[in-house]
Amino acid sequence: MKSIRTQFGKLQCFYPYTVALVGARVGDRLNFMTCAWHTALSTSPPLFGVLIGRTKLTHGLIAEAREFTVNFLGYERVKLSALMGRRSGAVMDKIKESAVSLLPARFIQTPIIAEAYASMECRLVEVKPLGDHDLFAGEVLAIHEDPGSFDADGLLNAVKTKPLLYLGTDFYITIDPETLKRVVPD
Ligand SMILES: Cc1cc2nc3c(=O)[nH]c(=O)nc-3n(C[C@H](O)[C@H](O)[C@H](O)COP(=O)(O)O)c2cc1C
């Protein structure tokens, strides 16, 4: 028999999710935070969404900058995820503390994170309030990828790149490339 819950402290039965650092710059103020609640929204036009709690510093920065970058981390960057996701830029400079390296974006003012294996530059097109989070929907203007991280079809090279996956609470895991299968219907 399955157990049934109707009270939820946390919504995490759908994890693991890939971990991204989402950031925005307003003038000299630049900050990134860890984000697991993110999703593709459309391919044409290319739209990507991030769900950000209203109390986060990053929320106000994206709303004001009207742009953001989304930076996907490999498993070896787990400490960066923990710092960016358990400390607020309102009380410390997370970029200085983590000594993360920044690279200029092509079309927007917010930089990307060099340590990420893939980064997206997004221009904000819509903000949708949903419960205690806001969905920031951005048009994807450019994607930066580490060489060899993806094949010619854009498929992740799971031998080279072990994506950092969030299991919930403060637990992380990654994928086993030996389980890779290509399956098509009969
Ligand atoms: C693995 C992980 C995933 C997270 N995902 C989200 C998320 O999707 N949305 C969100 O609002 N906060 C998320 N958080 C919490 C924020 O990253 C955290 O509150 C952070 O300190 C906010 O930073 P800021 O105040 O500098 O913007 C996550 C934290 C962790 C550790």
# chains A, B, ... in the order shown; residues from 1 in each chain; ligands from 1

$ closest_atom_pairs --of "chain A" --to "ligand 1" --cutoff "9 Å" --atoms "only C-alpha atoms and all ligand atoms" --output "JSON lines"
{"residue": "A:Tyr17", "atom": "CA", "partner": "ligand 1", "partner_atom_place_in_ligand_line": "1 (C)", "distance": 8.7}
{"residue": "A:Thr18", "atom": "CA", "partner": "ligand 1", "partner_atom_place_in_ligand_line": "1 (C)", "distance": 8.6}
{"residue": "A:Val19", "atom": "CA", "partner": "ligand 1", "partner_atom_place_in_ligand_line": "1 (C)", "distance": 6.1}
{"residue": "A:Ala20", "atom": "CA", "partner": "ligand 1", "partner_atom_place_in_ligand_line": "3 (C)", "distance": 7.9}
{"residue": "A:Leu21", "atom": "CA", "partner": "ligand 1", "partner_atom_place_in_ligand_line": "17 (O)", "distance": 8.1}
{"residue": "A:Val22", "atom": "CA", "partner": "ligand 1", "partner_atom_place_in_ligand_line": "27 (O)", "distance": 8.6}
{"residue": "A:Gly23", "atom": "CA", "partner": "ligand 1", "partner_atom_place_in_ligand_line": "27 (O)", "distance": 8.2}
{"residue": "A:Asn31", "atom": "CA", "partner": "ligand 1", "partner_atom_place_in_ligand_line": "26 (O)", "distance": 6.1}
{"residue": "A:Phe32", "atom": "CA", "partner": "ligand 1", "partner_atom_place_in_ligand_line": "26 (O)", "distance": 6.1}
{"residue": "A:Met33", "atom": "CA", "partner": "ligand 1", "partner_atom_place_in_ligand_line": "17 (O)", "distance": 4.5}
{"residue": "A:Thr34", "atom": "CA", "partner": "ligand 1", "partner_atom_place_in_ligand_line": "17 (O)", "distance": 3.9}
{"residue": "A:Cys35", "atom": "CA", "partner": "ligand 1", "partner_atom_place_in_ligand_line": "5 (N)", "distance": 3.5}
{"residue": "A:Ala36", "atom": "CA", "partner": "ligand 1", "partner_atom_place_in_ligand_line": "5 (N)", "distance": 4.0}
{"residue": "A:Trp37", "atom": "CA", "partner": "ligand 1", "partner_atom_place_in_ligand_line": "8 (O)", "distance": 3.5}
{"residue": "A:His38", "atom": "CA", "partner": "ligand 1", "partner_atom_place_in_ligand_line": "8 (O)", "distance": 6.3}
{"residue": "A:Val50", "atom": "CA", "partner": "ligand 1", "partner_atom_place_in_ligand_line": "8 (O)", "distance": 6.9}
{"residue": "A:Leu51", "atom": "CA", "partner": "ligand 1", "partner_atom_place_in_ligand_line": "9 (N)", "distance": 5.2}
{"residue": "A:Ile52", "atom": "CA", "partner": "ligand 1", "partner_atom_place_in_ligand_line": "11 (O)", "distance": 3.5}
{"residue": "A:Gly53", "atom": "CA", "partner": "ligand 1", "partner_atom_place_in_ligand_line": "11 (O)", "distance": 3.7}
{"residue": "A:Arg54", "atom": "CA", "partner": "ligand 1", "partner_atom_place_in_ligand_line": "11 (O)", "distance": 7.2}
{"residue": "A:Thr55", "atom": "CA", "partner": "ligand 1", "partner_atom_place_in_ligand_line": "25 (O)", "distance": 7.0}
{"residue": "A:Lys56", "atom": "CA", "partner": "ligand 1", "partner_atom_place_in_ligand_line": "25 (O)", "distance": 3.8}
{"residue": "A:Leu57", "atom": "CA", "partner": "ligand 1", "partner_atom_place_in_ligand_line": "27 (O)", "distance": 3.8}
{"residue": "A:Thr58", "atom": "CA", "partner": "ligand 1", "partner_atom_place_in_ligand_line": "27 (O)", "distance": 3.7}
{"residue": "A:His59", "atom": "CA", "partner": "ligand 1", "partner_atom_place_in_ligand_line": "27 (O)", "distance": 6.4}
{"residue": "A:Gly60", "atom": "CA", "partner": "ligand 1", "partner_atom_place_in_ligand_line": "27 (O)", "distance": 8.4}
{"residue": "A:Leu61", "atom": "CA", "partner": "ligand 1", "partner_atom_place_in_ligand_line": "27 (O)", "distance": 8.4}
{"residue": "A:Val78", "atom": "CA", "partner": "ligand 1", "partner_atom_place_in_ligand_line": "1 (C)", "distance": 8.9}
{"residue": "A:Ser81", "atom": "CA", "partner": "ligand 1", "partner_atom_place_in_ligand_line": "31 (C)", "distance": 6.1}
{"residue": "A:Ala82", "atom": "CA", "partner": "ligand 1", "partner_atom_place_in_ligand_line": "31 (C)", "distance": 5.2}
{"residue": "A:Leu83", "atom": "CA", "partner": "ligand 1", "partner_atom_place_in_ligand_line": "31 (C)", "distance": 7.7}
{"residue": "A:Met84", "atom": "CA", "partner": "ligand 1", "partner_atom_place_in_ligand_line": "17 (O)", "distance": 5.9}
{"residue": "A:Gly85", "atom": "CA", "partner": "ligand 1", "partner_atom_place_in_ligand_line": "17 (O)", "distance": 3.3}
{"residue": "A:Arg86", "atom": "CA", "partner": "ligand 1", "partner_atom_place_in_ligand_line": "21 (O)", "distance": 4.5}
{"residue": "A:Arg87", "atom": "CA", "partner": "ligand 1", "partner_atom_place_in_ligand_line": "21 (O)", "distance": 4.1}
{"residue": "A:Ser88", "atom": "CA", "partner": "ligand 1", "partner_atom_place_in_ligand_line": "26 (O)", "distance": 3.5}
{"residue": "A:Gly89", "atom": "CA", "partner": "ligand 1", "partner_atom_place_in_ligand_line": "26 (O)", "distance": 3.6}
{"residue": "A:Ala90", "atom": "CA", "partner": "ligand 1", "partner_atom_place_in_ligand_line": "25 (O)", "distance": 5.8}
{"residue": "A:Val91", "atom": "CA", "partner": "ligand 1", "partner_atom_place_in_ligand_line": "26 (O)", "distance": 8.1}
{"residue": "A:Met92", "atom": "CA", "partner": "ligand 1", "partner_atom_place_in_ligand_line": "26 (O)", "distance": 8.3}
{"residue": "A:Asp93", "atom": "CA", "partner": "ligand 1", "partner_atom_place_in_ligand_line": "26 (O)", "distance": 8.7}
{"residue": "A:Lys94", "atom": "CA", "partner": "ligand 1", "partner_atom_place_in_ligand_line": "26 (O)", "distance": 7.6}
{"residue": "A:Asp132", "atom": "CA", "partner": "ligand 1", "partner_atom_place_in_ligand_line": "11 (O)", "distance": 8.8}
{"residue": "A:His133", "atom": "CA", "partner": "ligand 1", "partner_atom_place_in_ligand_line": "11 (O)", "distance": 6.5}
{"residue": "A:Asp134", "atom": "CA", "partner": "ligand 1", "partner_atom_place_in_ligand_line": "11 (O)", "distance": 8.4}
{"residue": "A:Leu165", "atom": "CA", "partner": "ligand 1", "partner_atom_place_in_ligand_line": "1 (C)", "distance": 8.1}
{"residue": "A:Tyr166", "atom": "CA", "partner": "ligand 1", "partner_atom_place_in_ligand_line": "1 (C)", "distance": 5.4}
{"residue": "A:Leu167", "atom": "CA", "partner": "ligand 1", "partner_atom_place_in_ligand_line": "1 (C)", "distance": 8.0}
{"residue": "A:Gly168", "atom": "CA", "partner": "ligand 1", "partner_atom_place_in_ligand_line": "1 (C)", "distance": 6.9}
{"residue": "A:Thr169", "atom": "CA", "partner": "ligand 1", "partner_atom_place_in_ligand_line": "31 (C)", "distance": 7.4}
{"residue": "A:Asp170", "atom": "CA", "partner": "ligand 1", "partner_atom_place_in_ligand_line": "31 (C)", "distance": 6.3}
{"residue": "A:Phe171", "atom": "CA", "partner": "ligand 1", "partner_atom_place_in_ligand_line": "1 (C)", "distance": 8.0}
{"residue": "A:Tyr172", "atom": "CA", "partner": "ligand 1", "partner_atom_place_in_ligand_line": "1 (C)", "distance": 7.8}

$ select_by_dssp --residues "range 11-170 of chain A" --states "alpha helix (DSSP H)" --output "PyMOL selection string"
chain A and resi 57-65+78-86+94-98

$ write_last_selection --atoms "C-alpha atoms" --output "tab-separated table (two decimals), in the first residue's frame"
chain	number	residue	atom	x	y	z
A	57	LEU	CA	17.87	39.26	-3.08
A	58	THR	CA	18.03	37.77	-6.57
A	59	HIS	CA	14.27	38.32	-6.97
A	60	GLY	CA	14.59	42.10	-6.70
A	61	LEU	CA	17.69	42.19	-8.90
A	62	ILE	CA	16.04	40.26	-11.75
A	63	ALA	CA	12.89	42.39	-11.49
A	64	GLU	CA	14.96	45.58	-11.76
A	65	ALA	CA	17.60	44.40	-14.27
A	78	VAL	CA	28.60	21.10	-5.09
A	79	LYS	CA	30.16	23.46	-2.53
A	80	LEU	CA	29.39	26.42	-4.78
A	81	SER	CA	25.75	25.33	-4.86
A	82	ALA	CA	25.63	25.04	-1.08
A	83	LEU	CA	27.11	28.51	-0.56
A	84	MET	CA	24.97	30.25	-3.19
A	85	GLY	CA	21.86	28.42	-1.97
A	86	ARG	CA	22.24	28.66	1.80
A	94	LYS	CA	28.90	35.43	-2.35
A	95	ILE	CA	30.95	36.09	-5.47
A	96	LYS	CA	33.97	37.22	-3.44
A	97	GLU	CA	33.50	34.47	-0.85
A	98	SER	CA	33.31	31.69	-3.45

$ atom_distance --atom1 "CA of Val140 in chain A" --atom2 "CA of Cys122 in chain A"
4.5 Å

$ closest_residue --among "A:Gly27, A:Pro45, A:Gly9, A:Gly138" --to "Phe68 in chain A" --atoms "only C-alpha atoms"
A:Gly138

$ closest_residue --among "A:Ile112, A:Ala40, A:Leu11, A:Val184" --to "Glu145 in chain A" --atoms "only C-alpha atoms"
A:Ile112

$ residues_around --residues "Leu102 in chain A" --least-positions-apart "4" --cutoff "8 Å" --atoms "only C-alpha atoms" --output "compact mmCIF listing (two decimals) with N, CA and C atoms, in the first residue's frame"
# COMPACT_ATOMS: atom_id res chain seq x y z
N PRO A 111 26.91 38.93 -16.03
CA PRO A 111 27.89 37.96 -16.53
C PRO A 111 27.40 36.52 -16.37
N ILE A 112 28.10 35.61 -17.03
CA ILE A 112 27.88 34.19 -16.80
C ILE A 112 28.98 33.69 -15.86
N ILE A 113 28.82 32.47 -15.37
CA ILE A 113 29.79 31.88 -14.45
C ILE A 113 30.68 30.91 -15.22
N ALA A 114 31.99 31.17 -15.20
CA ALA A 114 32.94 30.38 -16.00
C ALA A 114 32.93 28.91 -15.60
